[in-house]
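Visitor: For reference, the file model_4.txt (compact mmCIF, C-alpha atoms) is included below:
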```
# COMPACT_ATOMS: atom_id res chain seq x y z
CA MET A 3 -47.13 50.10 -22.76
CA LYS A 4 -45.64 48.01 -20.03
CA ASN A 5 -42.84 49.46 -17.97
CA VAL A 6 -39.72 47.35 -18.15
CA MET A 7 -37.30 48.03 -15.38
CA ALA A 8 -33.63 47.65 -16.14
CA THR A 9 -30.58 47.63 -14.00
CA LEU A 10 -27.34 49.05 -15.32
CA ILE A 11 -24.32 47.18 -14.08
CA LEU A 12 -20.72 48.17 -14.64
CA VAL A 13 -18.69 45.10 -15.49
CA SER A 14 -14.97 45.48 -16.12
CA GLY A 15 -15.35 48.75 -17.93
CA GLY A 16 -18.43 47.72 -20.01
CA PHE A 17 -22.17 47.88 -19.42
CA LEU A 18 -24.60 45.02 -18.94
CA PHE A 19 -28.38 45.62 -19.10
CA ASN A 20 -30.27 43.21 -16.87
CA THR A 21 -34.07 43.35 -17.30
CA THR A 22 -35.96 42.27 -14.23
CA GLU A 23 -39.06 41.15 -16.14
CA LYS A 24 -39.45 37.95 -18.10
CA GLN A 25 -36.20 36.57 -16.76
CA PRO A 26 -36.19 32.77 -16.35
CA LYS A 27 -36.10 31.62 -12.77
CA ILE A 28 -32.74 30.11 -11.99
CA GLU A 29 -32.85 27.35 -9.44
CA PRO A 30 -29.90 27.28 -7.07
CA GLN A 31 -27.50 24.54 -8.05
CA VAL A 32 -26.60 22.02 -5.42
CA GLU A 33 -23.11 20.75 -5.83
CA LYS A 34 -22.63 17.03 -5.40
CA THR A 35 -20.02 16.22 -2.84
CA ILE A 36 -17.67 13.50 -4.01
CA VAL A 37 -16.30 11.67 -1.02
CA SER A 38 -12.66 10.80 -1.46
CA PRO A 39 -11.63 7.60 0.28
CA GLY A 40 -8.25 9.15 1.05
CA LYS A 41 -5.13 7.00 1.19
CA ILE A 42 -3.50 4.54 3.50
CA GLN A 43 0.23 5.23 3.54
CA VAL A 44 2.64 2.98 5.38
CA ALA A 45 6.40 3.47 5.73
CA LEU A 46 8.39 0.46 6.96
CA LEU A 47 11.72 1.42 8.55
CA LEU A 48 13.74 -1.75 9.02
CA ASP A 49 17.02 -2.14 10.89
CA THR A 50 19.39 -4.03 8.55
CA SER A 51 22.36 -4.29 10.91
CA ASN A 52 24.07 -7.65 11.46
CA SER A 53 21.68 -9.02 14.05
CA MET A 54 18.52 -8.37 12.07
CA ASP A 55 18.37 -11.23 9.56
CA GLY A 56 15.39 -12.65 11.42
CA LEU A 57 13.53 -9.34 11.22
CA ILE A 58 14.02 -9.16 7.44
CA ASP A 59 12.83 -12.76 7.11
CA GLN A 60 9.68 -11.89 9.07
CA ALA A 61 9.07 -8.87 6.85
CA LYS A 62 9.34 -11.08 3.76
CA SER A 63 7.00 -13.60 5.36
CA ARG A 64 4.38 -11.06 6.39
CA LEU A 65 4.35 -8.52 3.55
CA TRP A 66 1.28 -9.94 1.81
CA ASN A 67 -0.52 -10.55 5.08
CA ILE A 68 -0.02 -6.86 5.89
CA VAL A 69 -1.32 -5.85 2.44
CA ASN A 70 -4.39 -8.04 2.88
CA THR A 71 -5.06 -6.48 6.28
CA LEU A 72 -4.92 -3.02 4.71
CA THR A 73 -7.34 -4.05 1.94
CA THR A 74 -10.05 -4.85 4.49
CA LEU A 75 -10.31 -1.17 5.42
CA LYS A 76 -13.09 0.92 3.89
CA TYR A 77 -13.83 4.62 4.23
CA GLU A 78 -17.56 5.31 3.78
CA GLY A 79 -17.81 2.12 1.75
CA LYS A 80 -14.89 2.93 -0.53
CA THR A 81 -11.49 1.29 -0.80
CA PRO A 82 -8.63 3.79 -0.35
CA ASP A 83 -5.42 3.61 -2.36
CA ILE A 84 -2.62 1.86 -0.51
CA GLU A 85 0.94 3.13 -0.73
CA ILE A 86 3.94 1.52 0.95
CA SER A 87 7.47 2.82 1.37
CA LEU A 88 10.54 0.90 2.48
CA TYR A 89 13.58 2.27 4.32
CA GLU A 90 16.61 0.50 5.72
CA TYR A 91 18.80 1.94 8.45
CA GLY A 92 21.73 0.88 10.63
CA ASN A 93 23.62 -0.78 7.78
CA SER A 94 27.34 0.02 7.68
CA GLY A 95 27.31 -0.50 3.92
CA LEU A 96 25.42 2.79 3.70
CA SER A 97 26.95 6.25 3.85
CA ARG A 98 27.89 7.64 7.24
CA SER A 99 27.00 11.14 6.01
CA SER A 100 23.43 9.88 5.46
CA ASN A 101 23.30 8.49 9.00
CA TYR A 102 23.40 4.96 7.53
CA ILE A 103 19.92 5.43 6.06
CA ARG A 104 18.59 4.52 2.61
CA GLN A 105 15.20 5.08 1.06
CA VAL A 106 14.68 1.76 -0.71
CA THR A 107 11.38 2.83 -2.32
CA PRO A 108 9.23 5.96 -2.12
CA LEU A 109 5.54 5.64 -1.22
CA THR A 110 4.21 3.54 -4.09
CA THR A 111 1.21 1.45 -5.15
CA ASP A 112 3.62 -0.93 -6.95
CA LEU A 113 3.41 -3.85 -4.53
CA ASP A 114 5.64 -6.09 -6.66
CA LEU A 115 8.38 -3.46 -6.38
CA ILE A 116 8.11 -3.50 -2.58
CA SER A 117 8.43 -7.30 -2.60
CA GLU A 118 11.39 -7.20 -4.99
CA LYS A 119 13.31 -4.67 -2.91
CA LEU A 120 12.47 -6.39 0.36
CA PHE A 121 13.87 -9.69 -0.87
CA ALA A 122 17.04 -7.90 -2.01
CA LEU A 123 17.85 -6.48 1.46
CA ARG A 124 21.04 -7.71 3.10
CA THR A 125 22.20 -7.10 6.68
CA ASN A 126 25.52 -5.54 7.66
CA GLY A 127 26.79 -4.09 10.96
CA GLY A 128 26.31 -0.37 11.60
CA GLU A 129 24.94 2.39 13.80
CA GLU A 130 21.16 2.53 14.28
CA TYR A 131 19.77 6.06 14.49
CA CYS A 132 16.01 5.89 14.99
CA GLY A 133 15.47 9.64 15.26
CA ALA A 134 17.31 10.22 12.00
CA VAL A 135 15.38 7.65 9.96
CA ILE A 136 12.02 8.84 11.32
CA GLN A 137 12.94 12.41 10.39
CA GLU A 138 14.05 11.30 6.93
CA ALA A 139 10.83 9.38 6.25
CA SER A 140 8.51 12.07 7.57
CA GLN A 141 10.24 14.86 5.62
CA LYS A 142 11.22 13.16 2.35
CA LEU A 143 8.16 11.04 1.55
CA GLU A 144 5.10 12.51 -0.19
CA TRP A 145 2.51 12.21 2.55
CA HIS A 146 -1.11 12.90 1.63
CA GLY A 147 -2.56 16.09 3.10
CA ASP A 148 -6.11 14.79 3.59
CA ARG A 149 -6.90 14.37 7.29
CA LYS A 150 -9.00 11.28 6.61
CA SER A 151 -5.96 9.48 5.20
CA MET A 152 -4.12 7.03 7.46
CA LYS A 153 -0.40 7.77 7.66
CA LEU A 154 1.69 5.26 9.53
CA ILE A 155 5.37 4.75 10.25
CA TYR A 156 6.57 1.40 11.58
CA ILE A 157 10.12 1.31 12.84
CA ALA A 158 11.66 -2.00 13.88
CA GLY A 159 15.05 -2.64 15.46
CA ASN A 160 16.86 -3.61 18.65
CA GLU A 161 19.35 -0.91 19.67
CA PRO A 162 18.44 1.98 22.04
CA PHE A 163 15.96 4.33 20.40
CA ASN A 164 17.81 7.48 21.44
CA GLN A 165 21.06 6.89 19.54
CA GLY A 166 22.38 9.46 17.08
CA SER A 167 22.51 13.24 16.95
CA ILE A 168 18.85 13.75 15.97
CA ASN A 169 16.49 13.81 18.95
CA TYR A 170 13.80 11.18 18.36
CA LYS A 171 11.17 13.21 20.27
CA GLU A 172 11.67 16.21 17.99
CA ALA A 173 11.60 14.01 14.86
CA ILE A 174 8.38 12.35 16.04
CA ALA A 175 6.78 15.68 16.98
CA ASP A 176 7.46 16.90 13.45
CA ALA A 177 5.86 13.75 12.03
CA ARG A 178 2.78 14.13 14.23
CA ARG A 179 2.26 17.67 12.92
CA LYS A 180 1.71 15.95 9.56
CA ASP A 181 -0.75 13.54 11.20
CA ILE A 182 1.70 10.64 10.89
CA TYR A 183 1.48 8.03 13.66
CA ILE A 184 4.67 6.35 14.85
CA ASN A 185 4.57 2.67 15.83
CA THR A 186 7.63 1.01 17.31
CA ILE A 187 8.58 -2.67 17.19
CA HIS A 188 11.42 -3.64 19.50
CA CYS A 189 13.24 -6.86 18.66
CA GLY A 190 13.72 -8.12 22.18
CA SER A 191 11.97 -8.23 25.54
CA TYR A 192 9.26 -5.81 26.63
CA GLU A 193 11.33 -4.43 29.51
CA GLU A 194 14.44 -3.97 27.37
CA GLY A 195 12.37 -2.01 24.87
CA VAL A 196 11.04 0.20 27.66
CA ARG A 197 14.54 0.87 28.95
CA GLY A 198 15.73 1.56 25.41
CA PHE A 199 12.97 4.20 24.86
CA TRP A 200 11.09 2.20 22.20
CA LYS A 201 7.88 2.44 24.19
CA ASP A 202 8.44 6.15 24.75
CA GLY A 203 8.84 6.61 21.00
CA ALA A 204 5.43 5.03 20.42
CA ASP A 205 3.87 7.05 23.25
CA VAL A 206 5.17 10.32 21.82
CA GLY A 207 4.10 9.25 18.35
CA GLU A 208 0.59 8.28 19.57
CA GLY A 209 1.08 4.85 18.06
CA LYS A 210 1.56 1.33 19.41
CA TYR A 211 4.58 -0.25 21.08
CA PHE A 212 5.33 -3.91 20.40
CA HIS A 213 8.12 -6.30 21.21
CA ILE A 214 8.84 -9.40 19.14
CA ASP A 215 11.27 -12.27 18.91
CA SER A 216 12.77 -11.40 15.55
CA ASN A 217 14.55 -14.75 15.33
CA ALA A 218 11.34 -16.77 15.62
CA LYS A 219 10.08 -18.44 12.46
CA VAL A 220 6.68 -17.23 11.34
CA GLN A 221 3.98 -19.82 11.99
CA TYR A 222 1.55 -20.42 9.15
CA ILE A 223 -1.83 -22.05 9.15
CA VAL A 224 -2.18 -24.22 6.05
CA THR A 225 -5.77 -24.26 4.77
CA PRO A 226 -7.74 -26.53 2.41
CA TYR A 227 -8.08 -23.54 0.07
CA ASP A 228 -4.41 -22.70 -0.50
CA GLU A 229 -3.93 -25.05 -3.44
CA GLN A 230 -7.07 -23.81 -5.21
CA ILE A 231 -5.97 -20.20 -4.76
CA THR A 232 -2.53 -21.11 -6.15
CA LYS A 233 -4.10 -22.58 -9.29
CA CYS A 234 -6.25 -19.48 -9.71
CA ASN A 235 -3.11 -17.34 -9.48
CA THR A 236 -1.50 -19.21 -12.39
CA ARG A 237 -4.57 -18.50 -14.52
CA LEU A 238 -4.63 -14.89 -13.31
CA ASN A 239 -1.07 -14.27 -14.53
CA ASP A 240 -2.13 -15.30 -18.03
CA THR A 241 -4.53 -12.33 -18.21
CA TYR A 242 -1.74 -9.74 -18.08
CA ILE A 243 -0.64 -8.08 -21.34
CA GLY A 244 2.59 -6.14 -20.99
CA TYR A 245 3.12 -2.90 -22.90
CA GLY A 246 5.63 -0.09 -23.10
CA SER A 247 9.24 -0.05 -21.98
CA GLN A 248 8.44 -1.84 -18.70
CA GLY A 249 5.99 -4.44 -20.02
CA THR A 250 8.28 -7.42 -20.45
CA GLN A 251 10.36 -6.66 -17.36
CA LYS A 252 7.39 -6.12 -15.03
CA LYS A 253 5.55 -9.19 -16.25
CA ALA A 254 8.68 -11.23 -15.49
CA SER A 255 8.92 -9.48 -12.11
CA GLN A 256 5.34 -10.51 -11.31
CA VAL A 257 6.24 -14.17 -11.77
CA ARG A 258 9.52 -13.72 -9.87
CA GLU A 259 7.73 -12.26 -6.84
CA ASP A 260 5.35 -15.23 -6.95
CA SER A 261 8.44 -17.43 -6.68
CA ASN A 262 9.85 -15.33 -3.83
CA ALA A 263 6.59 -15.74 -1.91
CA GLN A 264 6.59 -19.47 -2.65
CA SER A 265 10.15 -19.76 -1.31
CA ILE A 266 8.87 -18.72 2.12
CA SER A 267 5.94 -21.14 2.22
CA GLY A 268 2.87 -22.28 0.31
CA ALA A 269 0.69 -20.33 2.74
CA ASN A 270 2.67 -17.15 2.05
CA TYR A 271 2.25 -17.73 -1.67
CA ALA A 272 -1.51 -18.00 -1.12
CA GLU A 273 -1.43 -14.69 0.81
CA ARG A 274 0.26 -13.01 -2.16
CA ALA A 275 -2.21 -14.53 -4.59
CA VAL A 276 -5.10 -13.18 -2.50
CA SER A 277 -3.50 -9.71 -2.64
CA LYS A 278 -3.37 -9.96 -6.44
CA SER A 279 -7.11 -10.56 -6.53
CA LYS A 280 -7.79 -7.24 -4.78
CA GLU A 281 -8.50 -3.80 -6.21
CA VAL A 282 -5.29 -2.39 -4.73
CA TYR A 283 -3.08 -4.58 -6.92
CA LYS A 284 -2.78 -2.10 -9.79
CA ASN A 285 -0.44 -2.39 -12.76
CA ASP A 286 -1.73 0.15 -15.27
CA THR A 287 1.81 1.41 -15.94
CA TRP A 288 2.67 -1.83 -17.75
CA ASP A 289 -0.48 -3.97 -18.15
CA LEU A 290 -2.99 -3.18 -20.91
CA VAL A 291 -5.96 -4.66 -19.06
CA ASP A 292 -5.47 -2.39 -16.04
CA LYS A 293 -4.64 0.52 -18.35
CA ALA A 294 -7.89 0.10 -20.28
CA LYS A 295 -9.82 0.08 -17.01
CA SER A 296 -8.28 3.35 -15.86
CA ASN A 297 -8.40 4.97 -19.31
CA PRO A 298 -10.52 3.28 -22.01
CA LYS A 299 -9.17 5.65 -24.69
CA ALA A 300 -5.55 4.72 -24.01
CA ILE A 301 -5.66 1.92 -26.59
CA ASP A 302 -6.52 4.40 -29.37
CA VAL A 303 -3.27 6.30 -28.91
CA LEU A 304 -1.08 3.31 -28.18
CA LYS A 305 1.95 3.04 -30.47
CA LYS A 306 2.67 -0.18 -32.30
CA ASP A 307 6.18 -0.32 -30.82
CA ASP A 308 4.70 -0.27 -27.30
CA LEU A 309 3.09 -3.66 -27.87
CA PRO A 310 4.74 -7.07 -27.46
CA LYS A 311 5.90 -8.42 -30.83
CA GLU A 312 3.15 -11.03 -31.07
CA LEU A 313 0.50 -8.27 -30.93
CA GLN A 314 2.08 -5.62 -33.15
CA ASN A 315 0.28 -6.79 -36.31
CA LYS A 316 -3.17 -6.67 -34.73
CA THR A 317 -5.60 -3.88 -35.58
CA LYS A 318 -6.96 -1.60 -32.87
CA GLU A 319 -10.27 -3.47 -33.01
CA GLU A 320 -8.59 -6.85 -32.65
CA LEU A 321 -6.56 -5.52 -29.74
CA LYS A 322 -9.69 -4.20 -28.00
CA ILE A 323 -11.41 -7.56 -28.43
CA LEU A 324 -8.42 -9.31 -26.87
CA ILE A 325 -8.27 -6.86 -23.95
CA ASP A 326 -12.01 -7.23 -23.38
CA LYS A 327 -11.62 -11.02 -23.33
CA LYS A 328 -8.74 -10.87 -20.84
CA THR A 329 -10.66 -8.36 -18.68
CA LYS A 330 -13.62 -10.71 -18.38
CA GLU A 331 -11.33 -13.65 -17.64
CA ARG A 332 -9.54 -11.69 -14.92
CA ASP A 333 -12.76 -10.47 -13.32
CA ALA A 334 -14.09 -14.04 -13.16
CA ILE A 335 -10.84 -15.41 -11.70
CA GLN A 336 -10.60 -12.62 -9.11
CA LYS A 337 -14.21 -13.20 -8.09
CA GLU A 338 -13.45 -16.91 -7.63
CA MET A 339 -10.34 -16.05 -5.60
CA ALA A 340 -12.30 -13.61 -3.43
CA GLU A 341 -14.74 -16.36 -2.46
CA LEU A 342 -11.89 -18.76 -1.70
CA ALA A 343 -10.11 -16.04 0.31
CA LYS A 344 -13.17 -15.57 2.54
CA LYS A 345 -13.32 -19.29 3.27
CA ARG A 346 -9.56 -19.34 3.85
CA GLN A 347 -9.70 -16.45 6.31
CA ALA A 348 -12.60 -18.03 8.21
CA TYR A 349 -10.60 -21.25 8.50
CA ILE A 350 -7.50 -19.38 9.74
CA GLU A 351 -9.51 -17.46 12.36
CA ALA A 352 -11.10 -20.67 13.63
CA GLU A 353 -7.73 -22.44 13.87
CA SER A 354 -6.06 -19.40 15.47
CA LYS A 355 -8.41 -19.64 18.46
CA LYS A 356 -6.97 -23.06 19.24
CA THR A 357 -3.39 -21.83 19.58
CA LYS A 358 -1.57 -18.94 21.21
CA SER A 359 -1.09 -16.02 18.83
CA GLN A 360 2.47 -15.35 17.74
CA ASP A 361 4.18 -12.04 18.41
CA ASP A 362 5.83 -11.23 15.09
CA LEU A 363 6.20 -8.25 12.80
CA GLY A 364 3.04 -8.98 10.81
CA ASN A 365 0.78 -9.49 13.80
CA ALA A 366 2.11 -6.34 15.47
CA ILE A 367 1.33 -4.28 12.38
CA THR A 368 -2.12 -5.86 11.96
CA VAL A 369 -3.12 -5.03 15.56
CA SER A 370 -2.08 -1.38 15.25
CA ILE A 371 -3.71 -0.93 11.83
CA HIS A 372 -7.09 -2.07 13.14
CA SER A 373 -6.75 0.10 16.25
CA LEU A 374 -5.94 3.31 14.39
CA ALA A 375 -8.47 2.61 11.64
CA LYS A 376 -11.32 2.92 14.13
CA THR A 377 -10.14 6.32 15.34
CA LYS A 378 -9.93 7.58 11.74
CA GLY A 379 -13.44 6.45 10.79
CA TYR A 380 -12.49 3.39 8.77
CA LYS A 381 -14.39 0.11 8.97
CA VAL A 382 -12.98 -3.38 8.66
CA VAL A 383 -14.84 -5.28 5.94
CA ASN A 384 -13.61 -8.82 5.33
```
Taking this structure as input, can you express it in the form of structure tokens?

Guide:
Amino acid sequence: MKNVMATLILVSGGFLFNTTEKQPKIEPQVEKTIVSPGKIQVALLLDTSNSMDGLIDQAKSRLWNIVNTLTTLKYEGKTPDIEISLYEYGNSGLSRSSNYIRQVTPLTTDLDLISEKLFALRTNGGEEYCGAVIQEASQKLEWHGDRKSMKLIYIAGNEPFNQGSINYKEAIADARRKDIYINTIHCGSYEEGVRGFWKDGADVGEGKYFHIDSNAKVQYIVTPYDEQITKCNTRLNDTYIGYGSQGTQKKASQVREDSNAQSISGANYAERAVSKSKEVYKNDTWDLVDKAKSNPKAIDVLKKDDLPKELQNKTKEELKILIDKKTKERDAIQKEMAELAKKRQAYIEAESKKTKSQDDLGNAITVSIHSLAKTKGYKVVN
């Protein structure tokens, strides 16, 4: 008779017999590491005092250019989520007890919301407290904890950086402990910004210091591809199917933000349209096509009342067929737009070499994004 050795193990008050013979060999399991692409989080802190109408106009003009710059960044081949927050400060229409600061939006992936709120900003005289608004943004926003994420604050204005009761160096030091980089954009001359501590703010925040003429009109390069991209955008809008309490409102907002972009220039409209062809333009909170992509089973539990009236009498199967059709249409349109966008960008880069680059809000942000991206291990993929 064979001897069978057994080991008696005490487990939480019970006994477990573990025979050492005839036990199957257990291979060590190797866990697959899933690489998270992290996030790119950008907070725009804009001075909305009386003299800053030009700055707000530049922000409106460059929003989609900034978004498109961010979408070129990849982390180990993956596209990170992009979140943008908007603050205004220095507006006397705001509460003095809040240091004349207002969070216009939290960090959000809803790019149409950012555009909507940006176009609604109005200037009014006030006190500009840079330290206070930096502290507010760094403490109140939900910054991602992953060290591979890019976390950026851009503060733009023209008054001395050291105004107010909150020390800007302490506020920036607190932000840096969260791995947030502070970039400063002074609306005025280089030397004036140095004297007003704007450069020191960027130095302490390990970011970039820029100076711009906030009253200068943004110069656009019109390309042969703008009109084609515009036509694609009209077709793209037709692939969205609103649902839920926000469906109708957000679909209308999408068209309204197209119009806002168009009101700046045709080239700006094309920039927005290019953004809408990218992966970062997500609307799964109100669009059924995006919702089905993020959660294919969502349609099965969708309530009839959540659908637009013209779709409420359709069966689940009919609805899925429609969504599948719109998904394929959208994918084809976005692919077409992506090809046009590459040609457009190549044309812009070629034309840009012929003229002196403009110092404006958008170009300042683009330069600093590319610079920091390299230090964080991101690659620019056009």

Visitor: Calculated over all atoms listed in the file, which of the candidates A:Lys142, A:Arg332, A:Arg197, A:Lys306 has the smallest distance to Glu281 of chain A?

Guide: A:Arg332

Visitor: Residues within 12 Å of (1.3, -7.3, -32.5), file coordinates, counting only C-alpha atoms: what are they? Give the list as a PyMOL selection string.

Guide: chain A and resi 243-245+304-318+320-321+324

Visitor: Extract, using only C-alpha atoms, all DNA, RNA and protein residues at most 8 Å from Lys150 of chain A, discarding same-chain residues fewer than 2 positions from it, and format them as a PyMOL selection string.

Guide: chain A and resi 39-41+148+152+378-379

Visitor: Got time to write the residues from that selection, C-alpha atoms, as a compact mmCIF listing (two decimals), in the coordinates of the input?

Guide:
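Output contents, as saved in again_14.txt:
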```txt
# COMPACT_ATOMS: atom_id res chain seq x y z
CA PRO A 39 -11.63 7.60 0.28
CA GLY A 40 -8.25 9.15 1.05
CA LYS A 41 -5.13 7.00 1.19
CA ASP A 148 -6.11 14.79 3.59
CA MET A 152 -4.12 7.03 7.46
CA LYS A 378 -9.93 7.58 11.74
CA GLY A 379 -13.44 6.45 10.79
```

Visitor: Give me, as CSV, each residue of segment 185-261 of chain A that comes within 8 Å of segment 357-376 of chain A, together with its shortest interatomic pair and the distance in Å at one decimal, counting all atoms listed in the file, with rows ordered by chain and rising residue number.

Guide:
```
residue,atom,partner,partner_atom,distance
A:Asn185,CA,A:Ser370,CA,7.8
A:Ile187,CA,A:Leu363,CA,7.5
A:Gly209,CA,A:Ser370,CA,7.5
A:Lys210,CA,A:Ser370,CA,6.2
A:Phe212,CA,A:Ala366,CA,6.4
A:His213,CA,A:Asp361,CA,7.5
A:Ile214,CA,A:Asp362,CA,5.4
A:Asp215,CA,A:Asp362,CA,6.7
A:Ser216,CA,A:Asp362,CA,7.0
A:Ala218,CA,A:Asp362,CA,7.8
A:Val220,CA,A:Asp362,CA,7.1
A:Gln221,CA,A:Gln360,CA,7.4
```

Visitor: Please indicate the distance in Å from atom CA of Tyr89 of chain A to atom CA of Ala134 of chain A, rounded to one decimal place.

Guide: 11.7 Å

Visitor: Would you compute the distance between atom CA of Asn101 of chain A and atom CA of Asn169 of chain A? Give it in Å to one decimal.

Guide: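 Distance between the two atoms: 13.2 Å.
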
Visitor: Please provide as a list in words all residues within 9 Å of Tyr349 of chain A, with the sequence filter that same-chain residues fewer than 3 positions apart are discarded (counting all atoms listed in the file).

Guide: Ile223, Thr225, Pro226, Lys344, Lys345, Arg346, Ala352, Glu353 and Ser354 of chain A

Visitor: Neighbours of Arg124 of chain A within 10 Å (all atoms listed in the file; same-chain residues fewer than 6 positions away dropped), as a ChimeraX atom specification?

Guide: /A:50-52,54-55,58,90,93,95

Visitor: Just want the 8 Å neighbourhood of Lys62 of chain A, counted on all atoms listed in the file, with same-chain residues fewer than 5 positions away dropped. Output as JSON, numbers by chain.

Guide: {"A": [117, 120, 121, 263, 266]}

Visitor: Which one of A:Leu342, A:Val69, A:Cys132, A:Ala61 sits closest to Asp228 of chain A if you count all atoms listed in the file?

Guide: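 Smallest distance to Asp228 of chain A is found for A:Leu342.
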
Visitor: Quick one, how far is atom CA of Ile323 of chain A from atom CA of Asn285 of chain A?

Guide: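 One can read the atom CA of Ile323 of chain A to atom CA of Asn285 of chain A distance as 19.8 Å.
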
Visitor: Which residue, A:Asp289, A:Tyr271, A:Ser140, A:Asn384, has the smallest gap to Gln248 of chain A when you use only C-alpha atoms?

Guide: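 Selected residue with least distance to Gln248 of chain A: A:Asp289.
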
Visitor: Here is a test: counting only C-alpha atoms, which residue of A:Arg179, A:Lys327, A:Lys293, A:Lys171 is nearest to Gly147 of chain A?

Guide: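 Among A:Arg179, A:Lys327, A:Lys293, A:Lys171, it is A:Arg179 that comes nearest to Gly147 of chain A.
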
Visitor: Determine the nearest neighbour of Asp59 of chain A from the options A:Ser100, A:Ser265, A:Glu273, A:Ser151, counting all atoms listed in the file.

Guide: A:Ser265

Visitor: Let me make sure I understand: among A:Leu57, A:Val106, A:Ala294, A:Leu47, which one has the smallest atom-to-atom distance to Ile157 of chain A if we use only C-alpha atoms?

Guide: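 Distance minimum relative to Ile157 of chain A lands on A:Leu47.
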
Visitor: In file coordinates, which residues lie within 12 Å of (-3.8, 2.6, 3.0) using all atoms listed in the file, given as an MDAnalysis selection string?

Guide: chainID A and resid 39:45 68:77 80:87 109:111 145:146 150:155 282 371:372 374:375 378 380

Visitor: Go ahead and write the selection's residues with C-alpha atoms as a CSV table (one decimal), in the frame of the given file.

Guide:
```csv
chain,number,residue,atom,x,y,z
A,39,PRO,CA,-11.6,7.6,0.3
A,40,GLY,CA,-8.2,9.2,1.0
A,41,LYS,CA,-5.1,7.0,1.2
A,42,ILE,CA,-3.5,4.5,3.5
A,43,GLN,CA,0.2,5.2,3.5
A,44,VAL,CA,2.6,3.0,5.4
A,45,ALA,CA,6.4,3.5,5.7
A,68,ILE,CA,0.0,-6.9,5.9
A,69,VAL,CA,-1.3,-5.8,2.4
A,70,ASN,CA,-4.4,-8.0,2.9
A,71,THR,CA,-5.1,-6.5,6.3
A,72,LEU,CA,-4.9,-3.0,4.7
A,73,THR,CA,-7.3,-4.0,1.9
A,74,THR,CA,-10.0,-4.8,4.5
A,75,LEU,CA,-10.3,-1.2,5.4
A,76,LYS,CA,-13.1,0.9,3.9
A,77,TYR,CA,-13.8,4.6,4.2
A,80,LYS,CA,-14.9,2.9,-0.5
A,81,THR,CA,-11.5,1.3,-0.8
A,82,PRO,CA,-8.6,3.8,-0.4
A,83,ASP,CA,-5.4,3.6,-2.4
A,84,ILE,CA,-2.6,1.9,-0.5
A,85,GLU,CA,0.9,3.1,-0.7
A,86,ILE,CA,3.9,1.5,1.0
A,87,SER,CA,7.5,2.8,1.4
A,109,LEU,CA,5.5,5.6,-1.2
A,110,THR,CA,4.2,3.5,-4.1
A,111,THR,CA,1.2,1.4,-5.2
A,145,TRP,CA,2.5,12.2,2.6
A,146,HIS,CA,-1.1,12.9,1.6
A,150,LYS,CA,-9.0,11.3,6.6
A,151,SER,CA,-6.0,9.5,5.2
A,152,MET,CA,-4.1,7.0,7.5
A,153,LYS,CA,-0.4,7.8,7.7
A,154,LEU,CA,1.7,5.3,9.5
A,155,ILE,CA,5.4,4.8,10.2
A,282,VAL,CA,-5.3,-2.4,-4.7
A,371,ILE,CA,-3.7,-0.9,11.8
A,372,HIS,CA,-7.1,-2.1,13.1
A,374,LEU,CA,-5.9,3.3,14.4
A,375,ALA,CA,-8.5,2.6,11.6
A,378,LYS,CA,-9.9,7.6,11.7
A,380,TYR,CA,-12.5,3.4,8.8
```
